[in-house]
file upload.txt (compact mmCIF, C-alpha atoms)
# COMPACT_ATOMS: atom_id res chain seq x y z
CA MET A 1 46.85 168.30 152.51
CA SER A 2 48.13 167.60 156.00
CA MET A 3 51.58 166.96 154.58
CA THR A 4 51.83 170.43 153.07
CA ALA A 5 50.46 172.01 156.20
CA THR A 6 53.13 170.28 158.28
CA ALA A 7 55.85 171.24 155.80
CA GLY A 8 54.69 174.85 155.88
CA ARG A 9 54.66 174.85 159.65
CA ALA A 10 58.18 173.37 159.80
CA GLN A 11 59.35 176.19 157.56
CA ALA A 12 57.66 178.82 159.70
CA ASP A 13 59.23 177.34 162.82
CA PRO A 14 62.59 175.98 161.55
CA HIS A 15 64.21 175.65 164.99
CA HIS A 16 61.14 174.08 166.68
CA ILE A 17 61.01 176.69 169.41
CA GLY A 18 57.26 176.69 169.52
CA VAL A 19 56.89 180.14 168.00
CA VAL A 20 55.53 180.35 164.49
CA ILE A 21 56.39 183.62 162.79
CA GLU A 22 54.44 184.18 159.62
CA HIS A 23 57.01 185.87 157.47
CA PRO A 24 55.52 188.26 154.98
CA GLY A 25 58.39 187.67 152.56
CA PRO A 26 61.11 190.07 151.53
CA ALA A 27 60.54 193.79 152.00
CA SER A 28 59.00 195.67 149.13
CA LYS A 29 61.18 197.53 146.67
CA ARG A 30 59.87 200.85 147.99
CA ILE A 31 61.20 200.06 151.49
CA VAL A 32 64.54 198.73 150.21
CA THR A 33 65.11 201.77 147.99
CA ALA A 34 64.15 204.32 150.62
CA TYR A 35 66.24 202.58 153.28
CA GLY A 36 69.29 202.53 151.02
CA PHE A 37 68.82 206.21 150.32
CA TRP A 38 68.38 206.87 154.04
CA ILE A 39 71.80 205.26 154.64
CA PHE A 40 73.28 207.50 151.93
CA LEU A 41 71.73 210.59 153.53
CA LEU A 42 73.16 209.67 156.92
CA SER A 43 76.63 209.25 155.40
CA ASP A 44 76.16 212.62 153.69
CA ILE A 45 75.36 214.10 157.11
CA VAL A 46 78.53 212.48 158.48
CA MET A 47 80.47 214.17 155.66
CA PHE A 48 78.89 217.52 156.57
CA SER A 49 79.86 216.96 160.19
CA CYS A 50 83.53 216.96 159.06
CA PHE A 51 83.01 220.39 157.46
CA PHE A 52 81.25 221.59 160.63
CA ALA A 53 84.17 220.32 162.74
CA ALA A 54 86.66 222.11 160.47
CA TYR A 55 84.64 225.32 160.72
CA ALA A 56 84.40 225.07 164.50
CA VAL A 57 88.18 224.70 164.77
CA LEU A 58 89.06 227.40 162.23
CA SER A 59 86.35 230.00 162.92
CA GLY A 60 88.75 232.14 164.98
CA GLN A 61 91.71 231.89 162.57
CA THR A 62 91.08 235.06 160.59
CA ALA A 63 94.75 235.86 159.78
CA GLY A 64 94.08 239.59 160.07
CA GLY A 65 91.09 239.28 157.72
CA PRO A 66 87.44 239.91 158.54
CA LYS A 67 85.69 238.19 161.44
CA GLY A 68 82.34 236.51 160.96
CA SER A 69 80.48 239.34 162.68
CA GLU A 70 81.87 241.79 160.11
CA ILE A 71 80.70 239.96 156.97
CA PHE A 72 77.45 238.17 157.92
CA GLU A 73 74.16 239.87 157.10
CA GLN A 74 71.40 238.41 159.25
CA GLY A 75 68.58 239.77 157.09
CA ASN A 76 69.73 237.76 154.09
CA VAL A 77 70.20 234.64 156.22
CA ALA A 78 66.68 235.00 157.62
CA ILE A 79 65.22 235.19 154.10
CA GLU A 80 67.28 232.15 153.01
CA THR A 81 66.11 230.21 156.07
CA VAL A 82 62.43 231.00 155.49
CA CYS A 83 62.78 230.09 151.77
CA LEU A 84 64.29 226.70 152.55
CA LEU A 85 61.78 225.97 155.33
CA LEU A 86 58.78 226.84 153.13
CA SER A 87 60.26 224.78 150.27
CA SER A 88 60.51 221.80 152.63
CA PHE A 89 56.80 222.26 153.38
CA THR A 90 55.79 222.55 149.70
CA CYS A 91 57.96 219.51 148.91
CA GLY A 92 55.91 217.61 151.50
CA MET A 93 52.71 218.80 149.83
CA ALA A 94 54.05 217.62 146.45
CA SER A 95 54.86 214.18 147.82
CA ILE A 96 51.34 213.87 149.27
CA ALA A 97 49.97 214.90 145.85
CA ALA A 98 52.17 212.24 144.21
CA ASP A 99 50.85 209.59 146.62
CA VAL A 100 47.23 210.43 145.73
CA ARG A 101 48.23 210.87 142.07
CA ASN A 102 47.02 214.43 141.73
CA ARG A 103 48.98 216.01 138.89
CA PHE A 104 47.89 219.61 139.43
CA TRP A 105 48.95 219.82 143.09
CA PHE A 106 52.10 217.82 142.35
CA TYR A 107 53.24 220.28 139.65
CA LEU A 108 52.22 223.27 141.78
CA GLY A 109 54.04 222.00 144.88
CA MET A 110 57.18 221.13 142.92
CA ALA A 111 57.16 224.46 141.04
CA VAL A 112 56.89 226.45 144.30
CA THR A 113 59.66 224.29 145.81
CA CYS A 114 61.83 225.00 142.76
CA VAL A 115 61.23 228.78 142.91
CA LEU A 116 62.05 228.90 146.65
CA GLY A 117 65.18 226.81 146.09
CA VAL A 118 66.33 229.11 143.29
CA ILE A 119 65.70 232.23 145.44
CA PHE A 120 67.85 230.61 148.15
CA LEU A 121 70.64 229.90 145.66
CA VAL A 122 70.54 233.42 144.17
CA ILE A 123 70.84 235.05 147.61
CA GLU A 124 73.72 232.73 148.55
CA PHE A 125 75.52 233.28 145.23
CA ARG A 126 75.24 237.07 145.56
CA GLU A 127 76.62 236.86 149.12
CA PHE A 128 79.60 234.82 147.88
CA ALA A 129 80.21 237.10 144.88
CA ASP A 130 80.06 240.17 147.13
CA LEU A 131 82.61 238.66 149.55
CA VAL A 132 84.99 237.70 146.75
CA ALA A 133 84.65 241.17 145.18
CA ARG A 134 85.67 242.75 148.49
CA GLY A 135 88.79 240.56 148.59
CA TYR A 136 87.37 238.17 151.19
CA GLY A 137 87.54 235.05 149.01
CA PRO A 138 88.20 231.53 150.35
CA SER A 139 91.98 232.05 150.10
CA ARG A 140 91.95 235.08 152.45
CA SER A 141 92.04 233.17 155.76
CA ALA A 142 91.47 229.72 157.23
CA PHE A 143 88.15 230.97 158.62
CA LEU A 144 86.96 232.00 155.15
CA THR A 145 88.16 228.69 153.64
CA ALA A 146 86.10 226.76 156.18
CA PHE A 147 83.14 229.10 155.69
CA PHE A 148 83.11 228.82 151.88
CA SER A 149 83.59 225.05 151.88
CA LEU A 150 80.83 224.37 154.43
CA VAL A 151 78.21 226.79 153.08
CA GLY A 152 79.28 226.16 149.47
CA CYS A 153 78.96 222.40 149.90
CA HIS A 154 75.40 222.88 151.15
CA GLY A 155 74.73 225.21 148.21
CA LEU A 156 76.01 222.57 145.78
CA HIS A 157 73.64 220.04 147.34
CA VAL A 158 70.72 222.47 146.91
CA SER A 159 71.73 223.04 143.26
CA ALA A 160 71.79 219.29 142.65
CA GLY A 161 68.41 219.07 144.42
CA VAL A 162 66.88 221.69 142.09
CA LEU A 163 68.12 219.75 139.04
CA TRP A 164 66.70 216.53 140.51
CA LEU A 165 63.40 218.33 141.20
CA LEU A 166 63.08 219.43 137.56
CA THR A 167 63.93 215.87 136.47
CA MET A 168 61.13 214.52 138.67
CA MET A 169 58.61 216.96 137.16
CA ALA A 170 59.71 215.92 133.67
CA GLN A 171 59.47 212.22 134.55
CA VAL A 172 55.97 212.57 135.97
CA PHE A 173 55.02 214.57 132.86
CA ALA A 174 56.43 211.93 130.50
CA LYS A 175 55.82 208.67 132.37
CA GLY A 176 53.08 209.47 134.88
CA PHE A 177 52.97 208.21 138.48
CA ARG A 178 54.66 204.87 137.82
CA ALA A 179 55.99 202.88 140.77
CA ASP A 180 59.63 203.60 139.87
CA VAL A 181 58.93 207.31 139.42
CA LEU A 182 57.18 207.39 142.81
CA ARG A 183 60.22 205.73 144.44
CA ARG A 184 62.50 208.40 142.97
CA MET A 185 60.09 211.07 144.18
CA MET A 186 60.24 209.61 147.69
CA CYS A 187 64.06 209.69 147.62
CA PHE A 188 63.98 213.28 146.38
CA ALA A 189 61.68 214.31 149.24
CA LEU A 190 64.04 212.66 151.76
CA PHE A 191 66.99 214.48 150.17
CA TRP A 192 65.26 217.88 150.25
CA HIS A 193 64.16 217.52 153.90
CA ALA A 194 67.69 216.40 154.88
CA LEU A 195 69.16 219.51 153.21
CA ASP A 196 66.85 221.65 155.34
CA ILE A 197 68.06 219.85 158.48
CA ILE A 198 71.66 220.60 157.51
CA TRP A 199 70.74 224.25 156.87
CA VAL A 200 69.42 224.46 160.45
CA GLY A 201 72.93 223.55 161.59
CA VAL A 202 74.51 226.01 159.14
CA PHE A 203 72.49 229.07 160.10
CA SER A 204 72.74 228.30 163.82
CA VAL A 205 76.45 227.47 163.98
CA VAL A 206 77.90 229.60 161.17
CA TYR A 207 75.74 232.69 160.97
CA LEU A 208 74.11 233.16 164.39
CA LEU A 209 76.93 231.84 166.60
CA GLY A 210 79.53 233.38 164.27
CA SER A 211 78.03 236.86 164.34
CA GLY A 212 77.78 236.85 168.12
CA VAL A 213 81.39 235.81 168.77
CA MET B 214 51.12 171.42 167.71
CA SER B 215 48.26 173.56 168.92
CA ASP B 216 50.39 174.99 171.76
CA GLN B 217 52.47 176.89 169.24
CA MET B 218 52.36 180.65 169.50
CA HIS B 219 51.50 182.45 166.32
CA MET B 220 53.13 185.78 165.65
CA HIS B 221 52.68 187.96 162.64
CA ALA B 222 55.76 189.90 161.54
CA GLU B 223 54.69 193.29 160.21
CA HIS B 224 56.64 194.98 157.48
CA ASP B 225 58.73 198.01 158.23
CA LEU B 226 57.90 201.47 156.99
CA ALA B 227 60.17 203.12 154.46
CA PRO B 228 61.94 206.19 155.86
CA GLY B 229 59.82 209.22 155.02
CA ASP B 230 56.64 207.15 154.69
CA GLU B 231 53.77 207.51 157.12
CA GLU B 232 51.22 205.05 158.36
CA GLN B 233 48.00 205.11 156.38
CA HIS B 234 46.36 208.43 157.09
CA SER B 235 43.88 210.53 155.18
CA VAL B 236 45.27 213.41 153.14
CA GLY B 237 43.91 215.99 155.61
CA VAL B 238 45.73 214.40 158.55
CA ARG B 239 48.98 214.24 156.56
CA ILE B 240 48.74 217.90 155.54
CA LEU B 241 48.00 218.83 159.15
CA GLY B 242 51.23 217.07 160.20
CA TYR B 243 53.25 219.19 157.78
CA VAL B 244 51.45 222.39 158.91
CA ILE B 245 52.24 221.65 162.58
CA GLY B 246 55.86 220.93 161.65
CA LEU B 247 56.12 224.17 159.67
CA ALA B 248 54.63 226.22 162.52
CA LEU B 249 56.97 224.68 165.12
CA ALA B 250 60.01 225.11 162.85
CA LEU B 251 59.14 228.75 162.14
CA LEU B 252 58.68 229.37 165.87
CA LEU B 253 62.07 227.82 166.70
CA THR B 254 63.80 229.65 163.83
CA GLY B 255 62.30 232.97 164.92
CA THR B 256 63.40 232.34 168.49
CA SER B 257 66.95 231.56 167.29
CA PHE B 258 67.23 234.78 165.28
CA PHE B 259 65.69 236.79 168.15
CA ILE B 260 67.98 235.27 170.80
CA ALA B 261 71.11 235.83 168.67
CA GLY B 262 70.66 239.59 168.57
CA THR B 263 69.01 240.40 171.88
CA ASP B 264 70.38 242.04 175.02
CA LEU B 265 67.50 240.73 177.12
CA VAL B 266 69.20 237.51 178.25
CA TRP B 267 72.48 236.77 179.99
CA GLN B 268 75.00 236.91 177.14
CA PRO B 269 77.02 233.70 177.87
CA SER B 270 73.78 231.70 177.66
CA ILE B 271 73.20 232.66 174.02
CA PRO B 272 75.48 230.06 172.34
CA VAL B 273 73.99 227.27 174.48
CA ALA B 274 70.47 228.48 173.70
CA LEU B 275 71.22 228.58 169.95
CA ILE B 276 72.56 225.01 169.97
CA VAL B 277 69.59 223.73 171.99
CA LEU B 278 67.15 225.48 169.63
CA ALA B 279 68.97 224.04 166.59
CA ILE B 280 68.80 220.48 167.96
CA ALA B 281 65.11 220.98 168.81
CA GLN B 282 64.39 222.16 165.28
CA MET B 283 66.25 219.20 163.78
CA GLY B 284 64.02 216.99 165.92
CA VAL B 285 60.91 218.77 164.63
CA HIS B 286 62.07 218.19 161.04
CA LEU B 287 62.77 214.51 161.71
CA VAL B 288 59.35 213.92 163.28
CA PHE B 289 57.04 216.03 161.12
CA PHE B 290 58.80 216.05 157.73
CA LEU B 291 60.76 212.79 157.68
CA HIS B 292 58.16 210.90 159.80
CA ILE B 293 60.69 209.12 161.99
CA THR B 294 58.74 207.59 164.88
CA THR B 295 59.49 205.29 167.79
CA GLY B 296 57.10 202.64 166.46
CA PRO B 297 58.25 199.06 165.80
CA ASP B 298 57.87 199.59 162.04
CA ASN B 299 60.56 202.29 162.24
CA THR B 300 63.21 200.37 164.21
CA ASN B 301 65.60 200.02 161.26
CA ASN B 302 65.34 203.71 160.36
CA VAL B 303 65.90 204.82 163.97
CA LEU B 304 68.88 202.50 164.42
CA ALA B 305 70.56 203.80 161.26
CA LEU B 306 69.89 207.36 162.44
CA ALA B 307 71.33 206.58 165.88
CA PHE B 308 74.53 205.21 164.34
CA GLY B 309 74.82 208.25 162.09
CA LEU B 310 74.41 210.57 165.07
CA LEU B 311 77.06 208.60 167.01
CA VAL B 312 79.57 209.18 164.20
CA VAL B 313 78.59 212.85 163.93
CA PHE B 314 79.13 213.43 167.65
CA LEU B 315 82.44 211.53 167.61
CA VAL B 316 83.72 213.57 164.66
CA VAL B 317 82.57 217.00 165.85
CA GLY B 318 83.11 216.51 169.57
CA GLY B 319 86.44 214.73 169.14
CA THR B 320 87.78 217.34 166.73
CA VAL B 321 86.78 220.31 168.86
CA TRP B 322 88.14 218.66 172.02
CA ILE B 323 91.50 217.62 170.55
CA MET B 324 92.11 220.81 168.59
CA ALA B 325 91.30 222.98 171.62
CA HIS B 326 93.92 221.07 173.66
CA LEU B 327 96.49 221.32 170.84
CA ASN B 328 95.84 225.02 170.67
CA ALA B 329 96.29 225.43 174.41
CA ASN B 330 99.47 223.34 174.57
CA MET B 331 101.18 224.77 171.51
CA PRO B 332 102.32 228.39 171.70
CA PRO B 333 102.41 230.42 168.49
CA MET B 334 105.46 230.01 166.28
CA ASP B 335 107.13 233.34 167.19
CA GLN B 336 107.09 232.31 170.88
CA ILE B 337 108.75 228.98 170.04
CA MET B 338 111.45 230.84 168.08
CA ARG B 339 112.13 233.14 171.04
CA MET B 340 112.46 230.15 173.39
CA GLN B 341 115.28 228.64 171.33
call {"tool": "encode", "arguments": {"input": "upload.txt", "output": "structure tokens"}}
result
Amino acid sequence: MSMTATAGRAQADPHHIGVVIEHPGPASKRIVTAYGFWIFLLSDIVMFSCFFAAYAVLSGQTAGGPKGSEIFEQGNVAIETVCLLLSSFTCGMASIAADVRNRFWFYLGMAVTCVLGVIFLVIEFREFADLVARGYGPSRSAFLTAFFSLVGCHGLHVSAGVLWLLTMMAQVFAKGFRADVLRRMMCFALFWHALDIIWVGVFSVVYLLGSGV
Amino acid sequence: MSDQMHMHAEHDLAPGDEEQHSVGVRILGYVIGLALALLLTGTSFFIAGTDLVWQPSIPVALIVLAIAQMGVHLVFFLHITTGPDNTNNVLALAFGLLVVFLVVGGTVWIMAHLNANMPPMDQIMRMQ
């Protein structure tokens, strides 16, 4: 008995520094998964920062084409912003519902998030199609190339997020609130909130700063 | 051996996870975050189109409001705190922000200087 106690103590204090730290063992899979995804999100934000830098450098290079203030419509951007902000909120509600394993509120929250995300994408796609139809496509000027690649990259992320969202609803429907499904749901919520943070940068730097200059 | 100090190492929190709260408190957190974010967004859109303030201050105000709103999102939606269970998450975030500022700040700085020091091509042709 005393032997094992001594052995255990030696392990807890391997360098004999007089401080015994009771290690709780390796971190749970939920923490490891979410932390790994957090690192991915931060590297995704670093990638976006390159597009932001390119836009900041090229925003004045219009090559005789339209300036930002001539093509941006603030009403549309305001609707897009409110859609994405509300969808971030409903995504939070859905993740609370998943934590307490309430199917009804989970499906409702995810469905509202999906609808708001799709409204956002439709408005953005119509804006892009309208610009291309007027001859202001990404090949018109360096400014428009930077604009389409930055805003389009964010739009692609939102599209991927909507597909992921539908997958999560299907997985909860088919498999229930299993631990692995809940981990994926947590990663999805992180992804969706991070997209909203990037959109804050997009509407501030591209649309609001761009229409003033 | 009785003079040994006993410490208990707590586990970290996963990014996005909160400490144990009731559902009502968690929903309230999201509601506060939504209200603050809407307020900051509304201020941004108002400031961008107004004549009420000194015009050169508008870009600075927009950037400050954007950074404030990103902070609101991090605190109320992603639940990043300064607590000891969040140290790993905050350190990763800090490193990410360092790279972001190096990339954006460095690019804007260098390209502005290149622009200033390099005349347009037709001027170079005339100099020869």
call {"tool": "closest_atom_pairs", "arguments": {"input": "upload.txt", "of": "chain A", "to": "chain B", "cutoff": "8 Å", "atoms": "all atoms listed in the file", "output": "CSV"}}
result
residue,atom,partner,partner_atom,distance
A:Gly18,CA,B:Gln217,CA,4.8
A:Val19,CA,B:Met218,CA,4.8
A:Val20,CA,B:His219,CA,4.9
A:Ile21,CA,B:Met220,CA,4.8
A:Glu22,CA,B:His221,CA,5.1
A:His23,CA,B:Ala222,CA,5.9
A:Pro24,CA,B:Ala222,CA,6.8
A:Ala27,CA,B:His224,CA,6.8
A:Arg30,CA,B:Ala227,CA,6.9
A:Ile31,CA,B:Ala227,CA,4.4
A:Val32,CA,B:Ala227,CA,7.5
A:Ala34,CA,B:Ala227,CA,5.7
A:Tyr35,CA,B:Pro228,CA,6.2
A:Trp38,CA,B:Pro228,CA,6.7
A:Ile39,CA,B:Ala305,CA,6.9
A:Leu42,CA,B:Gly309,CA,5.6
A:Ser43,CA,B:Gly309,CA,7.0
A:Ile45,CA,B:Val313,CA,7.6
A:Val46,CA,B:Val313,CA,5.5
A:Ser49,CA,B:Val313,CA,5.7
A:Cys50,CA,B:Val316,CA,6.5
A:Phe52,CA,B:Val317,CA,7.1
A:Ala53,CA,B:Val317,CA,4.8
A:Ala54,CA,B:Thr320,CA,7.9
A:Ala56,CA,B:Val321,CA,6.9
A:Val57,CA,B:Val321,CA,6.2
A:Ala78,CA,B:Phe258,CA,7.7
A:Val82,CA,B:Leu251,CA,7.8
A:Leu85,CA,B:Leu247,CA,7.4
A:Leu86,CA,B:Leu247,CA,7.5
A:Ser88,CA,B:Phe290,CA,7.9
A:Phe89,CA,B:Tyr243,CA,6.4
A:Gly92,CA,B:Tyr243,CA,7.0
A:Met93,CA,B:Ile240,CA,7.0
A:Ile96,CA,B:Val236,CA,7.2
A:Met186,CA,B:Gly229,CA,7.4
A:Ala189,CA,B:Gly229,CA,7.9
A:Leu190,CA,B:Gly229,CA,6.3
A:His193,CA,B:Phe290,CA,6.7
A:Ile197,CA,B:Met283,CA,5.6
A:Val200,CA,B:Ala279,CA,6.2
A:Gly201,CA,B:Ala279,CA,6.4
A:Ser204,CA,B:Leu275,CA,6.3
A:Val205,CA,B:Ile276,CA,7.6
A:Leu208,CA,B:Ala261,CA,5.9
A:Leu209,CA,B:Pro272,CA,6.2
A:Gly212,CA,B:Ala261,CA,6.8
call {"tool": "residues_around", "arguments": {"input": "upload.txt", "residues": "A:Cys83", "least_positions_apart": "4", "cutoff": "9 Å", "atoms": "all atoms listed in the file", "output": "list in words"}}
result
Ala78, Ile79, Ser87, Ser88, Thr113, Leu116, Gly117, Ile119 and Phe120 of chain A
call {"tool": "atom_distance", "arguments": {"input": "upload.txt", "atom1": "atom CA of A:Glu80", "atom2": "atom CA of A:Val206"}}
result
13.6 Å
call {"tool": "axis_aligned_box", "arguments": {"input": "upload.txt", "around": "stretch 113-128 of chain A", "padding_each_side": "8 Å", "output": "AutoDock Vina command-line options"}}
result
--center_x 69.6 --center_y 230.7 --center_z 145.9 --size_x 35.9 --size_y 28.8 --size_z 22.4
call {"tool": "atom_distance", "arguments": {"input": "upload.txt", "atom1": "atom CA of A:Phe128", "atom2": "atom CA of A:Ser149"}}
result
11.3 Å
call {"tool": "residues_around", "arguments": {"input": "upload.txt", "residues": "A:Trp199", "least_positions_apart": "4", "cutoff": "8 Å", "atoms": "all atoms listed in the file", "output": "list of chain:residue names"}}
result
A:Thr81, A:His154, A:Leu195, A:Phe203
call {"tool": "decode", "arguments": {"input": "upload.txt", "residues": "stretch 71-90 of chain A", "atoms": "C-alpha atoms", "output": "PDB file, in the first residue's frame"}}
result
ATOM      1  CA  ILE A  71     -20.586  49.907 -58.186  1.00  0.00           C
ATOM      2  CA  PHE A  72     -21.273  49.261 -54.479  1.00  0.00           C
ATOM      3  CA  GLU A  73     -24.874  49.307 -53.278  1.00  0.00           C
ATOM      4  CA  GLN A  74     -24.964  49.863 -49.533  1.00  0.00           C
ATOM      5  CA  GLY A  75     -28.569  48.682 -49.139  1.00  0.00           C
ATOM      6  CA  ASN A  76     -27.697  45.206 -50.390  1.00  0.00           C
ATOM      7  CA  VAL A  77     -24.591  45.075 -48.203  1.00  0.00           C
ATOM      8  CA  ALA A  78     -26.627  46.053 -45.141  1.00  0.00           C
ATOM      9  CA  ILE A  79     -29.113  43.227 -45.807  1.00  0.00           C
ATOM     10  CA  GLU A  80     -26.245  40.747 -46.318  1.00  0.00           C
ATOM     11  CA  THR A  81     -24.611  41.888 -43.073  1.00  0.00           C
ATOM     12  CA  VAL A  82     -27.807  41.538 -41.035  1.00  0.00           C
ATOM     13  CA  CYS A  83     -28.455  38.077 -42.572  1.00  0.00           C
ATOM     14  CA  LEU A  84     -25.007  36.812 -41.643  1.00  0.00           C
ATOM     15  CA  LEU A  85     -25.141  38.329 -38.148  1.00  0.00           C
ATOM     16  CA  LEU A  86     -28.563  36.804 -37.399  1.00  0.00           C
ATOM     17  CA  SER A  87     -27.392  33.453 -38.801  1.00  0.00           C
ATOM     18  CA  SER A  88     -24.429  33.554 -36.414  1.00  0.00           C
ATOM     19  CA  PHE A  89     -26.916  34.054 -33.564  1.00  0.00           C
ATOM     20  CA  THR A  90     -29.215  31.210 -34.680  1.00  0.00           C
TER      21      THR A  90
END
